[in-house]
Structures are given as C-alpha cells and as structure tokens.
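Visitor: Following this message is one structure expressed as structure tokens.
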Amino acid sequence: YIIMLRQRVLTAAVVLPSLLILVIFSSHLVWATLTIILISICAKEWCSISGLTEFKKNYFIVSLVLANVVVLLCLNMPQFYHSSRETLENIVFFITLISVVLIILAIYFRWYIKSKIILASTGWILLFNLWLSILELQRDPFFFLAVLGIVFVSDTAAYFTGKKFGKSSLAPQISPNKTWEGVLGAYVGTTIFVSIFVYLLQPEIRDALLLYLYTGLIVALCVFGDLFVSLLKRLGDLKDSGNLLPGHGGLLDRVDSMILALPFAFLIVSGIGA
C-alpha cells in the first residue's frame, strides 16, 4: 500500500503541474492535438476491456480520431464556427442525458454487457463526447481548472476516506473497495474546496447555492462514471485498464470519473439547461 501510494503521489506531482500549464498556456490547436492523443490512448484501453481483435481495435481508434479531426476542422472555419458550435452543444447535451440514464440503470441492475459491439460502441460515443467537452472547456481555462479541481478533490477525498473509514460497500458486486464513507468524504472534500471559492469571490447567495448544487451533481456523476468503468473492467476480468500511470493504472482509470462530469460541466458553461 505504501509503495503504491508513493507511486500515486509521484505521478500526480508530475501530471498535475503539467496539466495546469497546458490548460492555461497552450493554444487551442495544441490542446486539441494533445487531447486527441490522450483520447486515443483511452480508446486503446477501452478496446482491451471490450476484447476487440487487433483489426477492430485499429478501426475503433482511427474512426474516433477522424471524427475528432473533422470536428476540429469545422470549429476552426469561421464560416462554420457558430453552426458547428451549436450542433456540438446539442450533441453533448443528448449524449450526456442518455448516457446518465443508461449508466445509472446499468449500475443499478448490474447489466453485464457481453456484446463486444455494444461495448465498443458505448466506449466510442462516451470518449467522443468526453473529447468534445474537454476541447471546448479549455476556452475558459479557469472554469475548466475549477471543475478539474472538483473532480480531483472528489477522487482523492473518496480514496483516502474510504481507506481510513470505509465499512459500508457502495456496490460490492461491481467494485468492493468503493464505500459509502468514501462518497461522503468526496462530498465533504469538494464542499470545502468550493467554499474557498465562495469565500474569495463573494458571489450572491443564489449563485453560491447554484455552485454548491452543481458541485454536488458533478460529484455524483464522478461516482457513476467510476462505477460504470469498474463494471466493464469486471466484465473483462481486469483490475486496471492499463499500466501507463504508475500507482494509478491506465489513463482510462484516471478519466473514468470525468466521462459524465466534464460533459455536464461543458453544458453548464454553455448555458444549456441552466
């Protein structure tokens, strides 16, 4: 446990400052290129979970990258930007809405999806939706960093609280190590984190209450995303999606909690459903 914890801390010490610099200072094109590479890695790991053949893995990854490139080209053409942006927002809205409902049902009823095509299609849609959200959130870097802060604090608080106080299993047949105490720790940790912003920014009461409400929803979506990927890994008899990040597992193991949370954050900043 101590060795793994040391690896997690060292990895975080390298990744988090790098992410901070990239979000704030990189151009939109550089950010888009980097995120396409990262989503491709997640796609490869998803293929491993789905048990796809090498040919189907390549098709999965190439088709996802091509879809990302097409979107990027449309968003960078002034004559198409506004219509493309509106279409993008609608795509994210409908994919996120449907995904939240289906993922909650999948977790609650423990749907063991055995069809490789359904697993792969689900991953393709979720990763495409995640990439769209990450791409556009970077246009408002400080809002994006605040949301990432909520996600990271949620994950970290849940991990340590669960390790120290965890007794009541959250979903024993999906992920035995996740506990209700960990979820409570995530809510306490993110409430403290957001309270710092409320204290510094001094928003109106209505805005402060909305901030706490949105934070609570983001934490819930983090939990659902994490549990859903855990369900899929259990299907594939895998502990981690990969081994790219020492102490953390694969890249997908780090972004699973963002699969629903970041699209929701994008919808907040876009004003959809507000």
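By order in the structure tokens, chains are A, B, ...; within a chain, residues start at 1; ligands start at 1, following the order shown.
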Please extract the residues of stretch 60-196 of chain A with a backbone DSSP assignment of alpha helix (DSSP H) and present them as a PyMOL selection string.
Guide: chain A and resi 60-75+81-109+116-137+141-165+180-196
Visitor: Write out as an mmCIF file with N, CA, C and O atoms, in the first residue's frame each polymer residue whose atoms come within 6 Å of A:Trp180, counting only C-alpha atoms; drop sequence neighbours fewer than 2 positions from it.
Guide:
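Printed below is selection_31.cif as written:
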```
data_model
loop_
_atom_site.group_PDB
_atom_site.id
_atom_site.type_symbol
_atom_site.label_atom_id
_atom_site.label_comp_id
_atom_site.auth_asym_id
_atom_site.auth_seq_id
_atom_site.Cartn_x
_atom_site.Cartn_y
_atom_site.Cartn_z
ATOM 1 N N SER A 168 -19.041 0.398 4.752
ATOM 2 C CA SER A 168 -20.266 0.067 4.029
ATOM 3 C C SER A 168 -19.992 0.099 2.529
ATOM 4 O O SER A 168 -19.796 1.175 1.954
ATOM 5 N N LEU A 170 -20.283 0.306 -1.340
ATOM 6 C CA LEU A 170 -21.196 1.052 -2.210
ATOM 7 C C LEU A 170 -21.837 0.146 -3.249
ATOM 8 O O LEU A 170 -23.050 0.201 -3.476
ATOM 9 N N GLY A 182 -16.569 6.645 1.553
ATOM 10 C CA GLY A 182 -15.753 7.323 0.551
ATOM 11 C C GLY A 182 -16.541 8.378 -0.197
ATOM 12 O O GLY A 182 -16.045 9.474 -0.465
ATOM 13 N N VAL A 183 -17.788 8.054 -0.548
ATOM 14 C CA VAL A 183 -18.657 9.028 -1.229
ATOM 15 C C VAL A 183 -18.908 10.230 -0.327
ATOM 16 O O VAL A 183 -18.848 11.386 -0.777
#
```
Visitor: In terms of the shortest atom-to-atom distance over only C-alpha atoms, which of A:Phe128, A:Phe25, A:Phe93, A:Tyr81 is closest to A:Ala43?
Guide: A:Phe128
Visitor: Grab the atom CA of A:Ser50 to atom CA of A:Leu34 distance for me, in Å with one decimal place.
Guide: 24.4 Å
Visitor: Tell me, as a list in words, which residues lie within 7 Å of stretch 220-223 of chain A, counting only C-alpha atoms; anything in the same chain fewer than 4 positions away does not count.
Guide: Val151, Gly216, Leu227, Ser257, Met258, Leu260 and Ala261 of chain A
Visitor: Write down as a PyMOL selection string the residues belonging to stretch 54-177 of chain A that are assigned strand (DSSP E or B) by DSSP computed on the backbone.
Guide: chain A and resi 169-171+175-177
Visitor: Could you check which of A:Phe264, A:Tyr159, A:Phe193, A:Tyr199 is closest to A:Leu217, using only C-alpha atoms?
Guide: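 Using only C-alpha atoms, the shortest distance to A:Leu217 belongs to A:Phe264.
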Visitor: Would you list the contacts of A:Ser99 as an MDAnalysis selection string, taking every protein, DNA or RNA residue within 10 Å and counting only C-alpha atoms, but skipping same-chain residues closer than 2 positions in sequence?
Guide: chainID A and resid 93:97 101:105 122 125:126 225 259:260
Visitor: Could you please take those selected residues and save C-alpha atoms as an mmCIF file, in the first residue's frame?
Guide:
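Writing the result to result-v5.cif gives the following:
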```cif
data_model
loop_
_atom_site.group_PDB
_atom_site.id
_atom_site.type_symbol
_atom_site.label_atom_id
_atom_site.label_comp_id
_atom_site.auth_asym_id
_atom_site.auth_seq_id
_atom_site.Cartn_x
_atom_site.Cartn_y
_atom_site.Cartn_z
ATOM 1 C CA PHE A 93 -26.481 17.509 -24.358
ATOM 2 C CA PHE A 94 -28.268 14.496 -25.843
ATOM 3 C CA ILE A 95 -25.362 12.062 -25.445
ATOM 4 C CA THR A 96 -24.861 13.123 -21.816
ATOM 5 C CA LEU A 97 -28.562 12.934 -20.970
ATOM 6 C CA VAL A 101 -29.838 7.477 -17.593
ATOM 7 C CA LEU A 102 -28.439 4.304 -19.155
ATOM 8 C CA ILE A 103 -25.328 4.221 -16.952
ATOM 9 C CA ILE A 104 -27.368 4.616 -13.759
ATOM 10 C CA LEU A 105 -29.644 1.777 -14.926
ATOM 11 C CA THR A 122 -20.662 2.665 -25.950
ATOM 12 C CA ILE A 125 -19.694 7.522 -28.026
ATOM 13 C CA LEU A 126 -18.606 8.275 -24.443
ATOM 14 C CA GLY A 225 -18.677 7.200 -14.264
ATOM 15 C CA ILE A 259 -16.787 10.650 -18.563
ATOM 16 C CA LEU A 260 -20.068 12.186 -17.373
#
```
Visitor: To one decimal place in Å, what is the distance between atom CA of A:Thr11 and atom CA of A:Val255?
Guide: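 One can read the atom CA of A:Thr11 to atom CA of A:Val255 distance as 14.6 Å.
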Visitor: Which neighbours of A:Ile113 fall inside 10 Å, counting only C-alpha atoms, when residues of the same chain fewer than 2 positions from it are skipped, and could you give them as a ChimeraX atom specification?
Guide: /A:50,106,110-111,115-119,231-232,235
Visitor: Export all heavy atoms of the chosen residues as a compact mmCIF listing (two decimals), in the first residue's frame?
Guide:
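Wrote it out as out.txt, contents follow:
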```txt
# COMPACT_ATOMS: atom_id res chain seq x y z
N SER A 50 -13.05 -4.26 -23.98
CA SER A 50 -14.10 -4.82 -24.83
C SER A 50 -13.71 -6.14 -25.47
O SER A 50 -14.57 -6.87 -25.98
CB SER A 50 -14.47 -3.82 -25.95
OG SER A 50 -14.86 -2.59 -25.40
N ALA A 106 -27.60 0.73 -15.75
CA ALA A 106 -26.62 -0.37 -15.88
C ALA A 106 -26.00 -0.70 -14.53
O ALA A 106 -25.80 -1.88 -14.20
CB ALA A 106 -25.54 0.02 -16.89
N ARG A 110 -26.98 -3.90 -12.66
CA ARG A 110 -25.76 -4.68 -12.93
C ARG A 110 -25.85 -5.37 -14.29
O ARG A 110 -25.74 -6.59 -14.41
CB ARG A 110 -25.48 -5.69 -11.82
CG ARG A 110 -25.17 -5.07 -10.49
CD ARG A 110 -24.62 -6.08 -9.51
NE ARG A 110 -25.56 -7.14 -9.24
CZ ARG A 110 -26.56 -7.06 -8.37
NH1 ARG A 110 -26.74 -5.94 -7.69
NH2 ARG A 110 -27.38 -8.07 -8.17
N TRP A 111 -26.07 -4.54 -15.31
CA TRP A 111 -26.15 -5.09 -16.66
C TRP A 111 -24.77 -5.57 -17.09
O TRP A 111 -23.84 -4.77 -17.22
CB TRP A 111 -26.63 -4.02 -17.64
CG TRP A 111 -28.07 -3.66 -17.49
CD1 TRP A 111 -29.01 -4.34 -16.77
CD2 TRP A 111 -28.74 -2.54 -18.07
NE1 TRP A 111 -30.22 -3.70 -16.86
CE2 TRP A 111 -30.09 -2.60 -17.65
CE3 TRP A 111 -28.33 -1.49 -18.89
CZ2 TRP A 111 -31.03 -1.65 -18.04
CZ3 TRP A 111 -29.27 -0.56 -19.28
CH2 TRP A 111 -30.60 -0.64 -18.85
N SER A 115 -21.96 -8.27 -25.41
CA SER A 115 -21.72 -7.99 -26.82
C SER A 115 -20.54 -7.04 -26.98
O SER A 115 -20.54 -5.93 -26.45
CB SER A 115 -22.98 -7.37 -27.45
OG SER A 115 -22.69 -6.86 -28.73
N LYS A 116 -19.52 -7.49 -27.70
CA LYS A 116 -18.34 -6.66 -27.93
C LYS A 116 -18.68 -5.42 -28.74
O LYS A 116 -18.11 -4.34 -28.52
CB LYS A 116 -17.25 -7.47 -28.64
CG LYS A 116 -16.70 -8.61 -27.79
CD LYS A 116 -15.63 -9.39 -28.55
CE LYS A 116 -15.10 -10.53 -27.70
NZ LYS A 116 -14.06 -11.31 -28.42
N ILE A 117 -19.63 -5.54 -29.65
CA ILE A 117 -20.04 -4.41 -30.49
C ILE A 117 -20.70 -3.33 -29.64
O ILE A 117 -20.42 -2.14 -29.79
CB ILE A 117 -20.99 -4.88 -31.61
CG1 ILE A 117 -20.29 -5.87 -32.53
CG2 ILE A 117 -21.50 -3.68 -32.40
CD1 ILE A 117 -19.07 -5.30 -33.23
N ILE A 118 -21.58 -3.76 -28.73
CA ILE A 118 -22.26 -2.79 -27.85
C ILE A 118 -21.25 -2.12 -26.93
O ILE A 118 -21.29 -0.90 -26.72
CB ILE A 118 -23.37 -3.48 -27.04
CG1 ILE A 118 -24.49 -3.94 -27.98
CG2 ILE A 118 -23.93 -2.54 -25.98
CD1 ILE A 118 -25.60 -4.70 -27.30
N LEU A 119 -20.33 -2.91 -26.37
CA LEU A 119 -19.29 -2.34 -25.50
C LEU A 119 -18.44 -1.32 -26.25
O LEU A 119 -18.17 -0.23 -25.74
CB LEU A 119 -18.40 -3.47 -24.96
CG LEU A 119 -18.87 -4.22 -23.73
CD1 LEU A 119 -17.91 -5.37 -23.42
CD2 LEU A 119 -18.98 -3.30 -22.53
N LEU A 231 -17.56 -1.62 -13.64
CA LEU A 231 -18.44 -2.70 -14.09
C LEU A 231 -17.89 -3.34 -15.36
O LEU A 231 -17.86 -4.57 -15.49
CB LEU A 231 -19.84 -2.14 -14.34
CG LEU A 231 -20.88 -3.09 -14.93
CD1 LEU A 231 -21.18 -4.23 -13.96
CD2 LEU A 231 -22.16 -2.35 -15.27
N LEU A 232 -17.42 -2.51 -16.29
CA LEU A 232 -16.89 -3.03 -17.55
C LEU A 232 -15.58 -3.79 -17.31
O LEU A 232 -15.34 -4.83 -17.95
CB LEU A 232 -16.67 -1.88 -18.53
CG LEU A 232 -17.91 -1.08 -18.93
CD1 LEU A 232 -17.55 -0.04 -19.99
CD2 LEU A 232 -19.01 -1.99 -19.43
N LEU A 235 -16.31 -7.14 -16.10
CA LEU A 235 -16.73 -7.99 -17.22
C LEU A 235 -15.52 -8.60 -17.93
O LEU A 235 -15.54 -9.76 -18.34
CB LEU A 235 -17.54 -7.17 -18.24
CG LEU A 235 -19.02 -6.95 -17.96
CD1 LEU A 235 -19.60 -5.99 -18.99
CD2 LEU A 235 -19.76 -8.26 -17.98
```
Visitor: Between A:Leu72, A:Leu209, A:Cys42, A:Ser270, which is the closest to A:Gly249 once you count only C-alpha atoms?
Guide: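 Closest candidate: A:Cys42.
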Visitor: Find the residues around stretch 57-61 of chain A up to 6 Å (only C-alpha atoms counted), leave out those fewer than 3 positions away in its own chain, and share them as a list in words.
Guide: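 Here the answer would be Ala43, Cys47, Leu52, Glu54 and Leu64 of chain A.
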Visitor: Could you work out how far atom CA of A:Ser18 lies from atom CA of A:Leu267, giving the answer in Å with one decimal?
Guide: 25.6 Å
